$ cat data_35.txt   # compact mmCIF, C-alpha atoms
# COMPACT_ATOMS: atom_id res chain seq x y z
CA MET A 1 16.22 8.99 31.91
CA TYR A 2 19.21 8.91 29.53
CA ARG A 3 17.18 10.66 26.86
CA THR A 4 16.50 13.58 29.19
CA LEU A 5 20.14 13.78 30.24
CA PHE A 6 21.41 13.84 26.62
CA ALA A 7 18.85 16.50 25.72
CA PHE A 8 19.95 18.63 28.68
CA LEU A 9 23.68 18.32 27.81
CA GLY A 10 22.93 19.06 24.16
CA ALA A 11 21.03 22.20 25.07
CA ILE A 12 23.89 23.42 27.31
CA SER A 13 26.45 22.77 24.53
CA LEU A 14 24.33 24.69 22.07
CA VAL A 15 24.08 27.68 24.42
CA ILE A 16 27.86 27.66 25.01
CA MET A 17 28.56 27.58 21.26
CA ILE A 18 26.17 30.46 20.60
CA VAL A 19 27.70 32.57 23.40
CA ALA A 20 31.22 31.81 22.10
CA LEU A 21 30.28 32.84 18.56
CA LEU A 22 28.68 36.07 19.77
CA ALA A 23 31.80 36.90 21.84
CA ILE A 24 34.25 36.56 18.94
CA PRO A 25 34.08 40.24 17.85
CA PHE A 26 34.97 41.33 21.38
CA VAL A 27 38.00 39.08 21.88
CA ASN A 28 41.36 40.80 21.37
CA ILE A 29 43.80 38.29 19.88
CA ALA A 30 46.48 40.88 19.06
CA ALA A 31 49.89 39.99 20.51
CA HIS A 32 50.49 41.81 23.76
CA PRO A 33 53.16 41.33 26.44
CA PRO A 34 52.14 39.05 29.31
CA GLY A 35 51.82 40.65 32.76
CA LYS A 36 54.31 40.11 35.59
CA ALA A 37 52.10 37.62 37.42
CA GLU A 38 51.48 35.62 34.23
CA THR A 39 55.20 35.59 33.45
CA ALA A 40 56.18 34.53 36.96
CA ALA A 41 53.57 31.78 37.03
CA MET A 42 54.59 30.41 33.62
CA ASN A 43 58.29 30.49 34.51
CA TRP A 44 57.65 28.54 37.70
CA VAL A 45 55.50 25.96 35.94
CA LYS A 46 58.00 25.54 33.10
CA HIS A 47 60.96 25.08 35.42
CA LYS A 48 59.23 22.82 37.92
CA VAL A 49 56.66 20.88 35.90
CA PHE A 50 56.71 21.09 32.12
CA VAL A 51 60.37 21.03 31.12
CA ARG A 52 61.77 17.56 31.73
CA ASN A 53 65.14 15.86 31.42
CA LYS A 54 66.58 17.78 34.36
CA TRP A 55 69.34 15.33 35.19
CA GLN A 56 70.81 14.35 31.80
CA LYS A 57 74.45 15.36 31.53
CA ASN A 58 75.85 17.13 28.50
CA PRO A 59 78.24 14.76 26.65
CA ALA A 60 79.76 17.63 24.64
CA GLN A 61 83.06 19.11 25.78
CA SER A 62 83.01 22.66 27.15
CA ASP A 63 86.32 23.53 25.52
CA ALA A 64 87.10 26.02 22.74
CA ALA A 65 86.24 23.50 20.00
CA GLY A 66 82.95 22.60 21.68
CA ILE A 67 81.95 26.25 22.04
CA ALA A 68 82.89 26.91 18.40
CA ASP A 69 80.77 23.94 17.28
CA GLY A 70 77.81 25.29 19.23
CA LYS A 71 78.27 28.79 17.91
CA THR A 72 78.27 27.46 14.33
CA ALA A 73 75.14 25.35 14.80
CA PHE A 74 73.41 28.22 16.59
CA SER A 75 74.26 30.67 13.80
CA HIS A 76 72.79 28.35 11.14
CA TYR A 77 69.40 27.93 12.71
CA CYS A 78 68.67 29.62 16.02
CA ALA A 79 70.05 33.05 15.12
CA ALA A 80 66.99 33.95 13.05
CA CYS A 81 65.01 34.46 16.27
CA HIS A 82 67.69 34.76 18.95
CA GLY A 83 70.42 36.69 17.15
CA LEU A 84 74.00 35.48 16.73
CA ASP A 85 74.73 36.33 20.35
CA ALA A 86 71.57 34.59 21.68
CA GLN A 87 70.61 37.95 23.18
CA ASN A 88 68.29 39.06 20.36
CA SER A 89 70.72 41.55 18.83
CA GLY A 90 69.39 42.65 15.46
CA VAL A 91 66.20 40.55 15.62
CA PRO A 92 63.50 43.05 14.64
CA PHE A 93 60.52 41.17 16.08
CA ALA A 94 62.08 39.91 19.33
CA ASP A 95 60.08 42.18 21.63
CA ARG A 96 56.92 42.05 19.51
CA MET A 97 56.18 38.41 20.12
CA SER A 98 54.01 37.29 23.00
CA PRO A 99 55.78 36.32 25.10
CA PRO A 100 58.81 38.29 23.84
CA VAL A 101 61.87 36.29 22.74
CA PRO A 102 63.95 36.03 25.91
CA SER A 103 67.65 36.80 26.13
CA LEU A 104 69.24 33.39 26.50
CA ALA A 105 71.87 34.96 28.74
CA GLY A 106 69.21 35.85 31.30
CA ASN A 107 68.62 34.02 34.54
CA GLU A 108 65.27 32.62 33.42
CA VAL A 109 67.06 30.56 30.77
CA GLN A 110 70.42 30.04 32.44
CA SER A 111 68.75 28.54 35.52
CA TYR A 112 67.64 25.52 33.50
CA THR A 113 69.98 22.52 33.71
CA ASP A 114 71.83 21.38 30.58
CA GLY A 115 69.40 18.48 30.25
CA GLN A 116 66.41 20.82 30.40
CA LEU A 117 67.91 23.10 27.74
CA LYS A 118 68.41 20.04 25.51
CA TRP A 119 64.76 19.07 26.13
CA ILE A 120 63.55 22.56 25.23
CA ILE A 121 65.54 22.61 21.98
CA ASP A 122 64.30 19.10 21.14
CA ASN A 123 60.64 19.73 21.90
CA GLY A 124 60.03 23.46 21.92
CA ILE A 125 57.83 25.25 24.43
CA TRP A 126 54.13 25.78 23.97
CA PRO A 127 52.59 28.38 23.81
CA SER A 128 55.68 30.49 23.13
CA GLY A 129 57.06 30.65 19.59
CA MET A 130 59.90 28.24 20.43
CA PRO A 131 59.69 25.29 18.00
CA GLY A 132 60.98 21.77 18.59
CA SER A 133 64.15 21.03 16.62
CA LYS A 134 64.64 17.29 17.01
CA ASP A 135 65.86 15.87 13.65
CA ILE A 136 66.20 19.37 12.26
CA LEU A 137 69.41 19.49 14.26
CA SER A 138 71.39 16.40 15.30
CA ASP A 139 71.86 15.49 18.96
CA ASP A 140 75.53 16.46 18.72
CA GLU A 141 74.60 19.89 17.39
CA ILE A 142 71.97 20.45 20.07
CA TRP A 143 74.35 19.50 22.87
CA SER A 144 77.00 21.79 21.38
CA ILE A 145 74.43 24.61 21.32
CA VAL A 146 73.87 24.03 25.04
CA VAL A 147 77.63 24.44 25.53
CA TYR A 148 77.51 27.69 23.55
CA LEU A 149 74.61 28.96 25.67
CA ARG A 150 76.82 28.57 28.75
CA HIS A 151 79.59 30.64 27.14
CA LEU A 152 77.78 33.48 25.40
CA PRO A 153 79.67 36.49 24.08
CA GLN A 154 78.95 40.05 25.08
CA ALA A 155 75.59 41.28 23.79
CA GLY A 156 75.90 42.86 20.35
CA SER A 157 79.51 41.76 19.85
CA LEU A 158 78.69 39.48 16.90
CA GLY A 159 76.60 41.96 14.96
CA GLU A 160 73.24 41.19 13.39
CA PRO A 161 72.12 38.03 11.56
CA GLU A 162 72.94 38.37 7.87
CA MET A 163 69.31 37.92 6.82
CA TYR A 164 68.37 41.24 8.50
CA THR A 165 71.21 43.28 7.06
CA HIS A 166 70.61 43.17 3.32
CA MET B 167 111.58 -12.25 -35.43
CA LYS B 168 107.91 -13.15 -35.30
CA ARG B 169 108.61 -15.54 -32.46
CA LEU B 170 110.38 -12.78 -30.55
CA VAL B 171 107.40 -10.46 -30.97
CA ASN B 172 105.06 -13.19 -29.72
CA VAL B 173 107.22 -13.80 -26.67
CA PHE B 174 107.39 -10.07 -25.96
CA ALA B 175 103.59 -9.77 -26.30
CA ALA B 176 103.06 -12.74 -23.98
CA VAL B 177 105.40 -11.24 -21.37
CA LEU B 178 103.61 -7.88 -21.64
CA VAL B 179 100.18 -9.48 -21.17
CA ALA B 180 101.43 -11.52 -18.21
CA ALA B 181 102.90 -8.40 -16.62
CA LEU B 182 99.64 -6.51 -17.03
CA VAL B 183 97.68 -9.38 -15.49
CA LEU B 184 100.11 -9.52 -12.58
CA VAL B 185 99.97 -5.77 -12.00
CA GLN B 186 96.17 -5.72 -12.01
CA GLY B 187 95.99 -8.85 -9.88
CA HIS B 188 98.16 -7.33 -7.19
CA GLY B 189 96.42 -3.95 -7.36
CA ILE B 190 99.65 -2.02 -7.76
CA GLN B 191 97.98 0.70 -9.79
CA ALA B 192 94.62 0.48 -7.98
CA GLY B 193 95.39 2.99 -5.19
CA PRO B 194 92.91 3.66 -2.37
CA HIS B 195 89.48 2.16 -2.73
CA ARG B 196 87.09 4.88 -3.97
CA ILE B 197 83.42 4.84 -3.07
CA ASP B 198 80.89 7.20 -4.63
CA VAL B 199 78.37 8.70 -2.23
CA THR B 200 75.50 10.95 -3.24
CA ALA B 201 74.45 13.66 -0.80
CA LYS B 202 70.97 15.10 -1.11
CA ARG B 203 68.30 16.43 1.21
CA PHE B 204 68.17 14.58 3.64
CA GLU B 205 70.20 11.43 3.04
CA PHE B 206 73.48 9.99 1.88
CA LEU B 207 73.29 7.21 -0.71
CA PRO B 208 74.40 4.60 0.12
CA GLY B 209 73.52 5.24 3.75
CA GLU B 210 75.76 2.48 5.10
CA ILE B 211 79.23 1.40 4.01
CA THR B 212 81.42 -1.42 5.28
CA LEU B 213 85.18 -0.79 5.32
CA LYS B 214 88.26 -2.76 6.30
CA LYS B 215 90.42 -1.53 9.12
CA GLY B 216 93.78 -0.30 7.84
CA GLU B 217 92.65 -0.10 4.20
CA PRO B 218 92.94 3.40 2.69
CA ILE B 219 89.66 4.72 1.39
CA VAL B 220 88.40 7.73 -0.51
CA LEU B 221 84.76 8.74 -0.15
CA VAL B 222 83.79 10.71 -3.24
CA LEU B 223 80.85 12.79 -2.10
CA LYS B 224 78.66 14.50 -4.66
CA SER B 225 75.94 16.94 -3.74
CA VAL B 226 73.00 16.93 -6.12
CA ASP B 227 71.17 19.84 -4.51
CA VAL B 228 72.26 22.25 -1.76
CA ALA B 229 75.52 22.47 0.17
CA HIS B 230 76.15 19.59 2.56
CA GLY B 231 79.00 18.28 4.67
CA ILE B 232 79.96 15.12 6.49
CA ARG B 233 81.60 14.83 9.87
CA PHE B 234 82.66 11.70 11.71
CA LYS B 235 83.37 13.08 15.14
CA GLU B 236 84.81 9.85 16.54
CA LEU B 237 87.18 9.48 13.59
CA GLY B 238 88.16 13.15 13.57
CA ILE B 239 87.41 13.64 9.87
CA GLU B 240 85.21 16.14 8.07
CA THR B 241 84.65 17.68 4.68
CA LYS B 242 82.21 20.11 3.18
CA ILE B 243 80.51 19.74 -0.20
CA GLY B 244 79.46 22.83 -2.12
CA LYS B 245 76.10 23.10 -3.83
CA GLY B 246 76.11 20.66 -6.76
CA GLN B 247 79.81 19.95 -6.27
CA THR B 248 82.01 16.97 -5.45
CA SER B 249 84.37 16.60 -2.52
CA GLU B 250 86.74 13.82 -1.54
CA LEU B 251 87.35 12.51 1.95
CA ALA B 252 90.46 10.34 2.13
CA PHE B 253 91.31 8.41 5.27
CA THR B 254 92.39 5.08 6.65
CA PRO B 255 90.14 3.69 9.38
CA ASP B 256 92.37 2.66 12.27
CA LYS B 257 89.78 1.14 14.58
CA THR B 258 86.88 -1.22 14.18
CA GLY B 259 83.30 -0.35 15.07
CA THR B 260 80.29 1.50 13.79
CA PHE B 261 80.69 5.22 13.21
CA VAL B 262 77.85 7.57 12.34
CA GLY B 263 78.66 10.70 10.38
CA HIS B 264 76.26 13.64 10.34
CA CYS B 265 75.71 16.29 7.74
CA SER B 266 77.78 19.22 9.01
CA VAL B 267 76.27 22.02 6.92
CA PHE B 268 72.72 23.01 7.81
CA CYS B 269 70.56 21.98 4.86
CA GLY B 270 66.94 22.20 5.97
CA SER B 271 64.21 20.52 7.99
CA GLY B 272 65.68 17.01 7.93
CA HIS B 273 69.30 18.05 8.42
CA GLY B 274 69.61 16.53 11.89
CA ALA B 275 68.68 13.06 10.65
CA MET B 276 70.97 13.07 7.61
CA THR B 277 73.58 10.45 8.44
CA LEU B 278 76.09 8.11 6.85
CA THR B 279 77.06 4.98 8.79
CA LEU B 280 80.47 3.34 8.44
CA HIS B 281 81.01 -0.23 9.65
CA VAL B 282 84.75 -0.81 10.05
CA VAL B 283 85.67 -4.51 10.31
CA ASP B 284 88.91 -6.50 10.61
$ encode --input "data_35.txt" --output "structure tokens"
Amino acid sequence: MYRTLFAFLGAISLVIMIVALLAIPFVNIAAHPPGKAETAAMNWVKHKVFVRNKWQKNPAQSDAAGIADGKTAFSHYCAACHGLDAQNSGVPFADRMSPPVPSLAGNEVQSYTDGQLKWIIDNGIWPSGMPGSKDILSDDEIWSIVVYLRHLPQAGSLGEPEMYTH
Amino acid sequence: MKRLVNVFAAVLVAALVLVQGHGIQAGPHRIDVTAKRFEFLPGEITLKKGEPIVLVLKSVDVAHGIRFKELGIETKIGKGQTSELAFTPDKTGTFVGHCSVFCGSGHGAMTLTLHVVD
């Protein structure tokens, strides 16, 4: 009985592998923008299911020094993909990624709580290009970045990241 | 005359011993700290509250920095350079300083811990 079952499952697996191999030339893996429905579905799932830590409060002060700290930390690390202004200014590949790099001033990002933003910076978001940064940045730096994200400058006002200008 | 010279020498030696014993010329306690990706060596230092201290920080690779947020002190260390951080701890406790100049993939975990005791 078991012998027959294993043989049957093995045969099905073999067929699936062969079909998958034959389909490879026809699969388009080039980066392309996600559709509206895909974007809306992913945003809902991220906000409601995947991104945790909704209720943790930000211990960093939202004063001028706190914003300056966040701006400095952001400019050292995050600016390569998000621009100095967190709105993609001067980032040549921002709209060529799939999904595109979002403006962090937009509602999709700003509607996360501070705790969720900390979680995203700590852990990244799959399958976007956002990497996790825990231990690459300290907790203090990450919380200060969250403060900066709540007080972003006008788009384009900080120029382009230095790495793209020389 | 010889006796006078001997007495003078004895007084001089005694004075030197006294001066060293009381630390008059010692100044603040200086502690050498090496900064390198992604650690400070030593990683933990115990200090006495109220005792002036100078941390002599030497970078052996890229630029680093150290910031003790709770103590309100910070300094930056240029690539391959040395920087001094002079302060007097005025409260007891454990204080963790973080590298304040982004230095690579382990930057966020690069810390120096100060234990300040009575």
$ interface_residues --input "data_35.txt" --of "chain A" --to "chain B" --cutoff "6 Å" --atoms "only C-alpha atoms" --output "JSON, numbers by chain"
{"A": [135, 136, 137, 138]}
$ residues_around --input "data_35.txt" --residues "A:Asp139" --least-positions-apart "3" --cutoff "9 Å" --atoms "all atoms listed in the file" --output "list in words"
Lys118, Asp122, Lys134, Asp135, Ile142, Trp143 and Ser144 of chain A; Gly274 of chain B
$ residues_around --input "data_35.txt" --residues "A:Gly70" --least-positions-apart "6" --cutoff "7 Å" --atoms "only C-alpha atoms" --output "ChimeraX atom specification"
/A:141,144-145,147-148
$ atom_distance --input "data_35.txt" --atom1 "atom CA of A:Thr39" --atom2 "atom CA of A:His151"
25.7 Å
$ atom_distance --input "data_35.txt" --atom1 "atom CA of A:Thr113" --atom2 "atom CA of A:Lys54"
5.9 Å
$ residues_around --input "data_35.txt" --residues "A:Lys36" --least-positions-apart "6" --cutoff "12 Å" --atoms "all atoms listed in the file" --output "list in words"
Met42, Asn43 and Pro99 of chain A
$ write_last_selection --input "data_35.txt" --atoms "C-alpha atoms" --output "PDB file, keeping the file's coordinate frame"
ATOM      1  CA  MET A  42      54.590  30.410  33.620  1.00  0.00           C
ATOM      2  CA  ASN A  43      58.290  30.490  34.510  1.00  0.00           C
ATOM      3  CA  PRO A  99      55.780  36.320  25.100  1.00  0.00           C
TER       4      PRO A  99
END
$ closest_residue --input "data_35.txt" --among "A:Phe74, A:Phe93, A:Tyr164, A:Trp55" --to "A:Gln116" --atoms "only C-alpha atoms"
A:Trp55
$ atom_distance --input "data_35.txt" --atom1 "atom CA of A:Ser75" --atom2 "atom CA of A:Gly159"
11.6 Å
$ residues_near_point --input "data_35.txt" --point "(62.1, 34.8, 41.0)" --cutoff "10 Å" --atoms "all atoms listed in the file" --output "list in words"
Ala40, Ala41, Asn43, Trp44, Asn107 and Glu108 of chain A
$ residues_around --input "data_35.txt" --residues "B:Val220" --least-positions-apart "2" --cutoff "10 Å" --atoms "all atoms listed in the file" --output "list in words"
Gly193, Pro194, His195, Arg196, Ile197, Asp198, Pro218, Val222, Leu223, Ser249, Glu250, Leu251, Ala252, Phe253 and Thr254 of chain B
$ closest_residue --input "data_35.txt" --among "A:Phe26, A:Tyr112, A:Phe6, A:Tyr77" --to "A:Lys48" --atoms "all atoms listed in the file"
A:Tyr112
